[in-house]
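Worksheet: one structure, shown below.
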Amino acid sequence: MPEFLTEEMLVALIGMGGGLLLGLAARLGRFCTMGAIEDLLYGGSDTRMRMWALAIGVAVLGSFALAATGFLQTETSYYLSIRWMPFASVLGGLMFGYGMALAGNCGFGSIARLGGGDMRAFVIVLVMGVSAYVVLSGPLAPLRVMIFPQEDVVNDMPPGIAHLLGSWTGASVNVIGIVIGTLIILGALANKAFVTEGKAIFWSVIVGVAIVSGWAGSYWVATTGFSEIQVVSHSFSAPVGESLLYFMTASARAPSFAVGSVAGVITGAFIGSLIKGHFRWEACEDPRELRRQITGAALMGAGAVLALGCTVGQGLSAFSMLAFSAPVTFLAIFAGAALGLRQLIEGFQPAE
């Protein structure tokens, strides 16, 4: 291994590779949580929501298939190593979803838009990253720790859905995970119109593969190297704050998976926007709109820290491990986004 290619740099490159795929999927495949929710609630289309479900299924199937072949130990993932706090998932998810509606996109989508030249997204990304770190390790961190203290999973407590089912049935945890992933895939494809959407299916699979690549790559470095590397996959709230810190203090800290992941999404989105001819510089000319987006970004950053992940962190990465928190957080994000969209589109006044 070249001297400059440290284990930290290697895991950052792994994150960048997966992030590149995610950025391309956002720009070329229109893979977007906010867009999926808007299409489902107001556009009369469930195509992008099925894309999300298909990506989840591929990620679950791929992750547990890796575990079955010995290339991953799911229990080493962050989402299965700490005790689940249901109220934090619900509160954080609602905050993130509502903030996502106000901002017009989630953290991942904003990073992808930034790659396409949208400077409004640049403001959202900055505010979200700072907000996340204010709650994670800044002035609000003591309050967060007091209300939601993080604890390790108790030894006799199943850390996730597949492990719980395994303890009930005696079946292999990895087989259960593979079966659940397969069922999710079949459910996503159980629609004649969606099956004909080859492009949507392709990019959904690519997103699932990107999530699996994060687990596989970081686990390989963690188990074969000498440095203490955390087994992680993609997420885009606190990692944005981590990336901001890195770019300001790179001479004093090593790169990480998160830094590579964020840089990869920006790069992939930039390439995708050039391919489609959509790259253009955009700015916000309405102060009221910018104020709303900044408020939404602050809610997203704080909410993601409480929920331990965003639409990608919980909605894909945690889901791929079948963590208890994943479906609850995702439903809370959906509910928060639906509430925010109703306020923006319909208002809260009762119909006459």
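By order in the structure tokens, chains are A, B, ...; within a chain, residues start at 1; ligands start at 1, following the order shown.
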
Using only C-alpha atoms, which residues sit within 9 Å of Arg120 of chain A once same-chain residues fewer than 3 positions away are excluded, as JSON, numbers by chain?
{"A": [110, 113, 114, 117, 123, 124, 125, 282, 283, 284, 290, 293]}

Step one, run DSSP on the backbone; step two, keep only residues of segment 146-288 of chain A assigned to alpha helix (DSSP H); then write them as a ChimeraX atom specification.
/A:146-147,161-169,173-188,192-195,198-224,238-248,257-276,287-288

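Closest approach to Ser261 of chain A among A:Ala238, A:Ala200, A:Leu183, A:Val58: A:Ala238, based on only C-alpha atoms.
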
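The two atoms in question, atom CA of Leu61 of chain A and atom CA of Gly15 of chain A, are spaced 20.0 Å apart.
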
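Relative to atom CA of Ala250 of chain A, atom CA of Phe226 of chain A is found at 21.4 Å.
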
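Nearest to Gly315 of chain A of all the residues A:Ala103, A:Ile178, A:Ile211, A:Ile229 is A:Ile211, based on only C-alpha atoms.
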
Taking the chain letters and numbering used in this document, name the residues of segment 51-192 of chain A that DSSP puts in strand (DSSP E or B), as a PyMOL selection string.
chain A and resi 82+118+152+160

For the residues in the current selection, export N, CA, C and O atoms as a compact mmCIF listing (two decimals), in the first residue's frame.
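The new file result.txt reads:
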# COMPACT_ATOMS: atom_id res chain seq x y z
N ILE A 82 -26.07 0.19 19.83
CA ILE A 82 -26.57 1.05 20.91
C ILE A 82 -28.06 0.77 21.14
O ILE A 82 -28.76 0.30 20.25
N ASP A 118 -26.73 24.74 -7.26
CA ASP A 118 -27.76 25.45 -6.52
C ASP A 118 -27.16 26.03 -5.24
O ASP A 118 -26.88 25.30 -4.28
N ASP A 152 -25.18 1.20 25.50
CA ASP A 152 -24.91 0.03 24.68
C ASP A 152 -26.08 -0.95 24.80
O ASP A 152 -26.81 -0.97 25.79
N GLY A 160 -31.70 -5.98 16.76
CA GLY A 160 -32.44 -5.57 15.58
C GLY A 160 -33.59 -6.50 15.26
O GLY A 160 -33.80 -7.52 15.95

Pick from A:Val232, A:Ala304, A:Ala326, A:Leu22: nearest to Ser131 of chain A, with only C-alpha atoms counted?
A:Ala304
